[in-house]
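S.K.: So I've got this file, entry-v6.txt, and it contains compact mmCIF, C-alpha atoms:
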# COMPACT_ATOMS: atom_id res chain seq x y z
CA MET L 22 284.89 299.69 222.44
CA ILE L 23 282.48 300.79 219.75
CA LEU L 24 284.33 304.06 219.28
CA ILE L 25 287.49 302.06 218.61
CA PHE L 26 286.03 300.22 215.61
CA PHE L 27 283.65 302.91 214.31
CA SER L 28 284.54 306.53 213.97
CA LYS L 29 282.01 309.26 214.52
CA LYS L 30 281.62 309.77 210.75
CA LYS L 31 280.76 306.11 210.17
CA ILE L 32 278.20 306.14 212.97
CA ILE L 33 276.52 309.20 211.48
CA SER L 34 276.47 307.55 208.01
CA ILE L 35 274.86 304.40 209.38
CA PHE L 36 272.28 306.44 211.27
CA ILE L 37 271.41 308.40 208.12
CA LEU L 38 271.10 305.14 206.07
CA PHE L 39 268.70 303.60 208.59
CA ALA L 40 266.75 306.84 208.75
CA PHE L 41 266.50 306.86 204.90
CA LEU L 42 265.41 303.28 204.70
CA GLY L 43 262.84 303.87 207.43
CA SER L 44 261.55 306.95 205.63
CA CYS L 45 261.30 305.02 202.36
CA GLY L 46 259.32 302.27 204.07
CA TRP L 47 256.99 304.79 205.73
CA PHE L 48 256.48 306.68 202.47
CA TRP L 49 255.83 303.41 200.58
CA ARG L 50 253.19 302.34 203.09
CA HIS L 51 251.52 305.75 202.82
CA ARG L 52 252.17 306.32 199.11
CA GLU L 53 248.48 306.63 198.23
CA TYR L 54 248.17 309.65 200.53
CA ILE L 55 251.37 311.41 199.47
CA PRO L 56 251.07 312.64 195.81
CA PHE L 57 254.69 313.62 195.37
CA VAL L 58 255.65 310.02 196.17
CA SER L 59 252.85 308.06 194.49
CA GLN L 60 252.94 309.93 191.18
CA PRO L 61 256.68 309.39 190.46
CA LEU L 62 256.35 305.76 191.48
CA SER L 63 253.33 305.32 189.22
CA VAL L 64 255.04 307.00 186.29
CA GLY L 65 258.19 304.98 186.81
CA ALA L 66 256.32 301.70 187.22
CA ALA L 67 253.91 302.27 184.31
CA PRO L 68 256.17 300.95 181.51
CA PHE L 69 257.09 297.95 183.61
CA GLU L 70 253.46 297.21 184.45
CA TYR L 71 252.46 297.64 180.74
CA GLY L 72 255.24 295.34 179.62
CA VAL L 73 254.35 292.72 182.19
CA SER L 74 250.63 292.89 181.34
CA ARG L 75 251.40 292.80 177.60
CA VAL L 76 253.61 289.76 178.00
CA ALA L 77 250.98 288.07 180.16
CA TRP L 78 248.24 288.89 177.58
CA MET L 79 250.34 287.59 174.72
CA GLY L 80 251.20 284.47 176.66
CA GLU L 81 247.54 283.84 177.49
CA ASN L 82 246.46 284.45 173.88
CA SER L 83 249.27 282.26 172.52
CA LEU L 84 248.32 279.49 174.89
CA GLY L 85 244.68 279.80 173.84
CA LEU L 86 245.68 279.84 170.17
CA LEU L 87 247.82 276.72 170.60
CA GLN L 88 244.98 274.96 172.39
CA GLN L 89 242.62 275.95 169.53
CA VAL L 90 245.11 274.72 166.93
CA PHE L 91 245.51 271.37 168.68
CA SER L 92 241.74 271.09 169.07
CA ASN L 93 241.14 271.89 165.37
CA TRP L 94 243.90 269.49 164.32
CA LYS L 95 242.35 266.71 166.39
CA GLU L 96 238.90 267.46 164.95
CA LEU L 97 240.34 267.57 161.41
CA ASP L 98 242.06 264.23 161.92
CA GLU L 99 238.81 262.70 163.19
CA LEU L 100 236.92 264.13 160.19
CA ARG L 101 239.59 262.78 157.83
CA LYS L 102 239.29 259.31 159.34
CA GLU L 103 235.50 259.48 159.18
CA ASN L 104 235.68 260.62 155.55
CA GLU L 105 237.99 257.73 154.64
CA SER L 106 235.64 255.30 156.38
CA LEU L 107 232.62 256.70 154.54
CA ARG L 108 234.49 256.62 151.23
CA SER L 109 235.48 253.00 151.82
CA GLU L 110 231.86 252.10 152.63
CA GLN L 111 230.66 253.95 149.53
CA ASN L 112 233.14 252.07 147.33
CA HIS L 113 232.03 248.82 148.94
CA TYR L 114 228.35 249.60 148.32
CA SER L 115 229.11 250.71 144.76
CA GLU L 116 230.91 247.43 144.11
CA ILE L 117 227.99 245.47 145.57
CA LEU L 118 225.54 247.45 143.41
CA ALA L 119 227.61 246.89 140.25
CA GLU L 120 227.90 243.17 141.01
CA ASN L 121 224.17 242.97 141.71
CA ILE L 122 223.37 244.60 138.35
CA ARG L 123 225.73 242.24 136.50
CA LEU L 124 224.46 239.11 138.22
CA ARG L 125 220.84 240.13 137.71
CA GLY L 126 221.48 240.52 133.99
CA LEU L 127 223.23 237.15 133.85
CA LEU L 128 220.37 235.49 135.72
CA GLN L 129 217.78 236.96 133.36
CA PHE L 130 219.84 235.78 130.39
CA LYS L 131 220.16 232.26 131.81
CA GLN L 132 216.46 232.04 132.56
CA GLY L 133 215.57 233.21 129.05
CA TYR L 134 218.14 231.05 127.23
CA THR L 135 216.88 227.54 127.81
CA SER L 136 218.27 225.79 124.74
CA TYR L 137 221.36 224.61 126.63
CA HIS L 138 222.51 223.99 130.18
CA MET L 139 224.85 226.76 131.27
CA LEU L 140 227.28 226.89 134.18
CA GLY L 141 228.25 230.28 135.59
CA ALA L 142 231.92 231.04 136.30
CA SER L 143 234.02 233.98 137.46
CA VAL L 144 237.14 235.24 135.70
CA ILE L 145 240.13 234.91 138.05
CA GLU L 146 243.04 235.59 135.67
CA ARG L 147 243.62 237.27 132.30
CA ASP L 148 246.40 236.84 129.77
CA TYR L 149 245.94 239.32 126.93
CA GLY L 150 249.35 239.17 125.26
CA GLY L 151 250.47 239.97 121.75
CA TRP L 152 250.24 236.36 120.50
CA THR L 153 247.81 234.74 122.91
CA HIS L 154 244.54 235.84 124.45
CA THR L 155 243.32 233.61 127.25
CA MET L 156 241.76 233.82 130.68
CA VAL L 157 241.24 231.49 133.63
CA ILE L 158 237.85 230.80 135.23
CA ASP L 159 237.05 229.30 138.64
CA ARG L 160 235.37 226.14 137.32
CA GLY L 161 237.13 222.89 136.43
CA GLU L 162 236.85 219.12 136.40
CA ASP L 163 235.02 219.14 139.72
CA SER L 164 232.24 221.14 138.03
CA GLY L 165 232.04 218.86 135.00
CA LEU L 166 233.96 221.06 132.55
CA LYS L 167 235.58 219.46 129.52
CA LYS L 168 237.84 220.64 126.77
CA TYR L 169 236.25 222.51 123.83
CA MET L 170 233.13 223.52 125.74
CA PRO L 171 231.96 226.94 124.43
CA VAL L 172 232.09 230.00 126.68
CA ILE L 173 229.58 232.83 126.22
CA VAL L 174 228.19 236.00 127.79
CA PRO L 175 224.78 237.58 127.13
CA SER L 176 226.26 239.88 124.48
CA GLY L 177 228.09 237.23 122.46
CA ILE L 178 230.65 234.44 122.06
CA VAL L 179 233.73 234.55 124.31
CA GLY L 180 235.74 231.48 123.28
CA PHE L 181 236.14 227.85 124.30
CA VAL L 182 237.67 225.84 127.13
CA SER L 183 241.20 224.97 126.01
CA GLU L 184 242.63 223.45 129.21
CA VAL L 185 240.84 221.92 132.20
CA TYR L 186 242.26 221.65 135.72
CA LEU L 187 240.75 220.31 138.93
CA ASN L 188 239.24 223.57 140.19
CA SER L 189 239.77 225.89 137.22
CA ALA L 190 239.99 226.03 133.46
CA ARG L 191 241.69 228.13 130.79
CA VAL L 192 239.57 229.73 128.09
CA GLN L 193 241.00 230.58 124.66
CA LEU L 194 239.30 233.77 123.52
CA LEU L 195 238.02 234.68 120.08
CA LEU L 196 240.66 237.42 120.02
CA ASP L 197 243.41 234.81 120.03
CA PRO L 198 244.95 234.52 116.52
CA ARG L 199 244.90 230.72 116.94
CA THR L 200 241.10 230.69 117.27
CA THR L 201 238.86 230.08 114.25
CA ILE L 202 235.09 229.88 114.24
CA GLY L 203 232.50 229.43 111.52
CA GLY L 204 230.55 232.62 110.91
CA ILE L 205 227.61 233.64 108.78
CA VAL L 206 226.20 237.04 107.85
CA GLN L 207 222.87 237.33 109.66
CA ARG L 208 221.31 239.63 107.02
CA PRO L 209 218.76 237.51 105.06
CA ALA L 210 219.81 238.98 101.69
CA SER L 211 223.41 237.87 102.22
CA ARG L 212 223.88 234.75 104.40
CA VAL L 213 227.56 234.62 103.37
CA VAL L 214 229.42 231.89 105.23
CA SER L 215 233.13 232.05 106.06
CA MET L 216 235.67 231.62 108.85
CA VAL L 217 236.28 234.16 111.63
CA SER L 218 239.64 234.30 113.41
CA GLY L 219 241.59 236.52 115.78
CA ASN L 220 243.20 239.53 114.11
CA SER L 221 246.90 239.59 114.98
CA GLY L 222 247.41 242.80 112.99
CA ASN L 223 244.66 244.64 114.83
CA PRO L 224 244.32 243.31 118.40
CA GLY L 225 240.85 243.68 119.80
CA TYR L 226 239.21 242.89 116.46
CA LEU L 227 238.32 239.73 114.52
CA SER L 228 238.75 238.94 110.82
CA LEU L 229 236.22 237.45 108.44
CA VAL L 230 238.64 235.91 105.94
CA SER L 231 238.70 234.20 102.53
CA LEU L 232 235.62 235.94 101.17
CA PRO L 233 234.99 235.87 97.43
CA LYS L 234 235.23 239.26 95.76
CA GLU L 235 231.51 239.22 94.99
CA ALA L 236 230.48 238.24 98.56
CA ASP L 237 227.71 240.46 99.88
CA VAL L 238 229.30 241.72 103.10
CA ILE L 239 228.96 245.36 104.13
CA LYS L 240 229.73 247.56 107.10
CA GLY L 241 227.17 247.09 109.87
CA ASP L 242 226.44 243.41 109.11
CA THR L 243 226.02 241.21 112.17
CA ILE L 244 228.07 238.01 112.10
CA VAL L 245 226.69 235.01 113.98
CA THR L 246 227.97 231.48 114.50
CA SER L 247 227.31 229.07 111.64
CA GLY L 248 227.34 225.96 113.85
CA TYR L 249 230.02 224.21 111.80
CA GLY L 250 232.46 222.06 113.76
CA GLY L 251 230.19 221.22 116.68
CA VAL L 252 231.91 223.57 119.15
CA TYR L 253 229.67 226.63 119.21
CA PRO L 254 225.87 226.72 118.99
CA LYS L 255 224.42 228.06 115.77
CA GLY L 256 223.10 231.61 115.55
CA TYR L 257 224.97 233.14 118.45
CA VAL L 258 226.38 236.65 117.94
CA ILE L 259 230.09 236.97 117.14
CA GLY L 260 230.31 240.66 116.28
CA THR L 261 229.63 243.47 113.82
CA VAL L 262 231.46 244.28 110.59
CA GLU L 263 233.41 247.53 110.99
CA LYS L 264 235.31 247.59 107.71
CA VAL L 265 235.53 245.61 104.47
CA ASN L 266 238.88 245.32 102.70
CA VAL L 267 238.87 244.42 98.99
CA ASP L 268 241.97 242.85 97.45
CA ALA L 269 241.90 244.00 93.82
CA GLU L 270 244.78 241.75 92.73
CA GLY L 271 243.75 238.54 94.44
CA GLY L 272 240.05 238.89 93.79
CA THR L 273 239.15 238.31 97.45
CA GLN L 274 238.06 240.45 100.34
CA SER L 275 238.13 240.34 104.12
CA ALA L 276 236.23 242.12 106.86
CA GLU L 277 237.22 243.50 110.25
CA ILE L 278 234.74 242.58 112.97
CA LYS L 279 234.24 244.27 116.32
CA PRO L 280 233.46 241.51 118.87
CA ALA L 281 230.08 241.66 120.56
CA ALA L 282 231.60 240.55 123.88
CA ASP L 283 233.41 243.22 125.92
CA PHE L 284 236.61 241.38 126.82
CA SER L 285 238.15 244.33 128.70
CA HIS L 286 235.38 244.38 131.34
CA MET L 287 234.55 240.69 131.55
CA GLU L 288 234.10 239.34 135.09
CA GLU L 289 231.56 236.52 134.80
CA VAL L 290 230.88 234.08 131.96
CA PHE L 291 228.74 231.05 131.14
CA VAL L 292 230.06 227.66 129.99
CA ILE L 293 227.67 225.59 127.86
CA THR L 294 227.99 222.05 129.21
CA ASP L 295 225.72 220.31 126.66
CA HIS L 296 226.96 218.52 123.58
CA ILE L 297 226.64 220.87 120.61
CA GLN L 298 224.90 219.37 117.60
CA LYS L 299 227.06 219.88 114.52
CA THR L 300 225.36 221.88 111.79
CA SER L 301 225.62 220.73 108.18
CA PRO L 302 226.05 223.22 105.33
CA GLU L 303 222.70 222.13 103.87
CA SER L 304 220.88 223.44 106.94
CA ILE L 305 221.90 227.01 106.14
CA THR L 306 219.85 228.63 103.42
CA VAL L 307 222.20 230.35 101.00
CA LYS L 308 220.46 232.61 98.54
CA PRO L 309 222.12 233.40 95.21
CA PRO L 310 223.74 236.82 95.16
CA LYS L 311 221.44 239.60 93.99
CA ILE L 312 222.46 241.56 90.92
CA GLU L 313 222.81 245.11 92.20
CA PRO L 314 224.76 248.22 91.17
CA PRO L 315 228.29 248.45 92.61
CA MET L 316 228.26 249.66 96.21
CA ASN L 317 230.71 250.76 98.86
CA PRO L 318 231.39 247.75 101.14
CA ASN L 319 231.77 250.05 104.15
CA ARG L 320 228.25 251.47 104.03
CA GLN L 321 226.13 251.21 107.14
CA GLN L 322 223.26 249.41 105.35
CA ALA L 323 222.74 247.73 102.03
CA GLY L 324 220.04 250.22 101.01
CA ASP L 325 222.19 253.35 101.59
CA LYS L 326 222.64 255.55 98.56
Could you write out this file's structure as structure tokens?

M.R.:
Amino acid sequence: MILIFFSKKKIISIFILFAFLGSCGWFWRHREYIPFVSQPLSVGAAPFEYGVSRVAWMGENSLGLLQQVFSNWKELDELRKENESLRSEQNHYSEILAENIRLRGLLQFKQGYTSYHMLGASVIERDYGGWTHTMVIDRGEDSGLKKYMPVIVPSGIVGFVSEVYLNSARVQLLLDPRTTIGGIVQRPASRVVSMVSGNSGNPGYLSLVSLPKEADVIKGDTIVTSGYGGVYPKGYVIGTVEKVNVDAEGGTQSAEIKPAADFSHMEEVFVITDHIQKTSPESITVKPPKIEPPMNPNRQQAGDK
């Protein structure tokens, strides 16, 4: 039956195939002891083994590199968060330190200035426009504030209470063009008295207006409150003369004054709650003008040559 389906040639071919496969298996098992088999196999398998090992090495290194990148990224993110936290704490401590310095200075001023009762207040809103200059403080009727009470800081006059609410009040600043205050030159040789108002033409400065042409006012003079009107206490600093303008035609002069109070960095103020005694003109000693050679009104001091 087998001879019917397989011819002699096919049987021989199958026998040879099995014999070849058996020989290959025997040679493979004993390849280490048969040089002419092991060497060709080693040479033929070398590129494959190198490629496989190279790919495995690259894969291992890439995996290690990715793990290192993720580890560094996580560490960098933690450091960034820690840095932000430290920066926030530093800003907080810096703000506390700055507030402590300000409040300590205000406390020392209040303890040393015993002529009037003063109520501390914080600035909660500012309105520094072109025509009006006001701010809002966190004290009002519930703290005993009333309209026209003067507002000061250790460096100088700020303004007066213009509107009073239940828990707050609006302060009209000296910089406001609507504000006028009696001022006097502090220098004993001068003692010129005039009105000081907000300078609409030069915001940030005040004007000493309606001065006679012969008035002894020079650059560097300190202007203090005269006490007229009963709003501001007498002798408190308003500012310093920066420039004197002489009107040759009208025979008058005016002076630009830099305010003593720093309005751009103002955070706390004092409100004087006492009644201010009105000063009469007779209480201010006015010396007759000294006859001196003509001088530049913008000199730093009267004795400059």

S.K.: One decimal, in Å: what's the spacing between atom CA of Val262 of chain L and atom CA of Ile244 of chain L?

M.R.: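 That distance, rounded to one decimal, is 7.3 Å.
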
S.K.: Using all atoms listed in the file, can you tell me which of L:Val245, L:Thr294, L:Leu232, L:Val179 comes closest to Val265 of chain L?

M.R.: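 Under the stated criterion, the closest residue is L:Leu232.
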
S.K.: Identify which of the residues L:Val238, L:Leu87, L:Pro233, L:Val252 lies closest to Thr201 of chain L, counting all atoms listed in the file when measuring atom-to-atom distances.

M.R.: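 Going through L:Val238, L:Leu87, L:Pro233, L:Val252 one by one, the smallest distance to Thr201 of chain L is for L:Val252.
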
S.K.: Between atom CA of Tyr186 of chain L and atom CA of Met156 of chain L, measure the distance and give it in Å to one decimal.

M.R.: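 Here the two named atoms are 13.2 Å from each other.
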
S.K.: I need the residue nearest Gly204 of chain L from this list: L:Tyr257, L:Phe91, L:Tyr169, L:Phe284. Use only C-alpha atoms for the distance.

M.R.: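 Using only C-alpha atoms, Gly204 of chain L sits closest to L:Tyr257.
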
S.K.: Name all residues at most 10 Å from His138 of chain L (count only C-alpha atoms; drop same-chain ones fewer than 5 positions away) and give them as a compact mmCIF listing (two decimals) with C-alpha atoms, keeping the file's coordinate frame.

M.R.:
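Ended up saving to part_32.txt:
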# COMPACT_ATOMS: atom_id res chain seq x y z
CA LYS L 131 220.16 232.26 131.81
CA PHE L 291 228.74 231.05 131.14
CA VAL L 292 230.06 227.66 129.99
CA ILE L 293 227.67 225.59 127.86
CA THR L 294 227.99 222.05 129.21
CA ASP L 295 225.72 220.31 126.66
CA HIS L 296 226.96 218.52 123.58

S.K.: Do you have the atom CA of Val214 of chain L-atom CA of Tyr137 of chain L distance handy?

M.R.: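 Distance between the two atoms: 24.0 Å.
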
S.K.: Which of these residues is nearest to Val213 of chain L, using all atoms listed in the file: L:Val157, L:Ile173, L:Ala276, L:Leu107?

M.R.: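 Selected residue with least distance to Val213 of chain L: L:Ala276.
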
S.K.: Kindly reconstruct segment 253-267 of chain L with N, CA and C atoms and present the result as a PDB file, keeping the file's coordinate frame.

M.R.:
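Written file, out_3.pdb:
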ATOM      1  N   TYR L 253     230.524 225.526 118.800  1.00  0.00           N
ATOM      2  CA  TYR L 253     229.670 226.630 119.210  1.00  0.00           C
ATOM      3  C   TYR L 253     228.247 226.406 118.697  1.00  0.00           C
ATOM      4  N   PRO L 254     227.253 226.843 119.471  1.00  0.00           N
ATOM      5  CA  PRO L 254     225.870 226.720 118.990  1.00  0.00           C
ATOM      6  C   PRO L 254     225.613 227.667 117.823  1.00  0.00           C
ATOM      7  N   LYS L 255     224.717 227.273 116.955  1.00  0.00           N
ATOM      8  CA  LYS L 255     224.420 228.060 115.770  1.00  0.00           C
ATOM      9  C   LYS L 255     223.593 229.303 116.122  1.00  0.00           C
ATOM     10  N   GLY L 256     223.904 230.408 115.432  1.00  0.00           N
ATOM     11  CA  GLY L 256     223.100 231.610 115.550  1.00  0.00           C
ATOM     12  C   GLY L 256     223.449 232.532 116.687  1.00  0.00           C
ATOM     13  N   TYR L 257     224.588 232.264 117.340  1.00  0.00           N
ATOM     14  CA  TYR L 257     224.970 233.140 118.450  1.00  0.00           C
ATOM     15  C   TYR L 257     225.879 234.257 117.939  1.00  0.00           C
ATOM     16  N   VAL L 258     225.709 235.473 118.482  1.00  0.00           N
ATOM     17  CA  VAL L 258     226.380 236.650 117.940  1.00  0.00           C
ATOM     18  C   VAL L 258     227.895 236.585 118.152  1.00  0.00           C
ATOM     19  N   ILE L 259     228.638 236.853 117.075  1.00  0.00           N
ATOM     20  CA  ILE L 259     230.090 236.970 117.140  1.00  0.00           C
ATOM     21  C   ILE L 259     230.496 238.438 117.205  1.00  0.00           C
ATOM     22  N   GLY L 260     229.963 239.250 116.291  1.00  0.00           N
ATOM     23  CA  GLY L 260     230.310 240.660 116.280  1.00  0.00           C
ATOM     24  C   GLY L 260     229.685 241.384 115.102  1.00  0.00           C
ATOM     25  N   THR L 261     230.164 242.609 114.869  1.00  0.00           N
ATOM     26  CA  THR L 261     229.630 243.470 113.820  1.00  0.00           C
ATOM     27  C   THR L 261     230.747 243.906 112.882  1.00  0.00           C
ATOM     28  N   VAL L 262     230.466 243.894 111.579  1.00  0.00           N
ATOM     29  CA  VAL L 262     231.460 244.280 110.590  1.00  0.00           C
ATOM     30  C   VAL L 262     231.737 245.792 110.708  1.00  0.00           C
ATOM     31  N   GLU L 263     233.005 246.143 110.894  1.00  0.00           N
ATOM     32  CA  GLU L 263     233.410 247.530 110.990  1.00  0.00           C
ATOM     33  C   GLU L 263     233.999 248.052 109.681  1.00  0.00           C
ATOM     34  N   LYS L 264     234.636 247.166 108.935  1.00  0.00           N
ATOM     35  CA  LYS L 264     235.310 247.590 107.710  1.00  0.00           C
ATOM     36  C   LYS L 264     235.484 246.405 106.777  1.00  0.00           C
ATOM     37  N   VAL L 265     235.317 246.647 105.483  1.00  0.00           N
ATOM     38  CA  VAL L 265     235.530 245.610 104.470  1.00  0.00           C
ATOM     39  C   VAL L 265     236.724 246.001 103.617  1.00  0.00           C
ATOM     40  N   ASN L 266     237.679 245.087 103.495  1.00  0.00           N
ATOM     41  CA  ASN L 266     238.880 245.320 102.700  1.00  0.00           C
ATOM     42  C   ASN L 266     238.837 244.472 101.436  1.00  0.00           C
ATOM     43  N   VAL L 267     238.921 245.120 100.281  1.00  0.00           N
ATOM     44  CA  VAL L 267     238.870 244.420  98.990  1.00  0.00           C
ATOM     45  C   VAL L 267     240.287 244.321  98.434  1.00  0.00           C
TER      46      VAL L 267
END
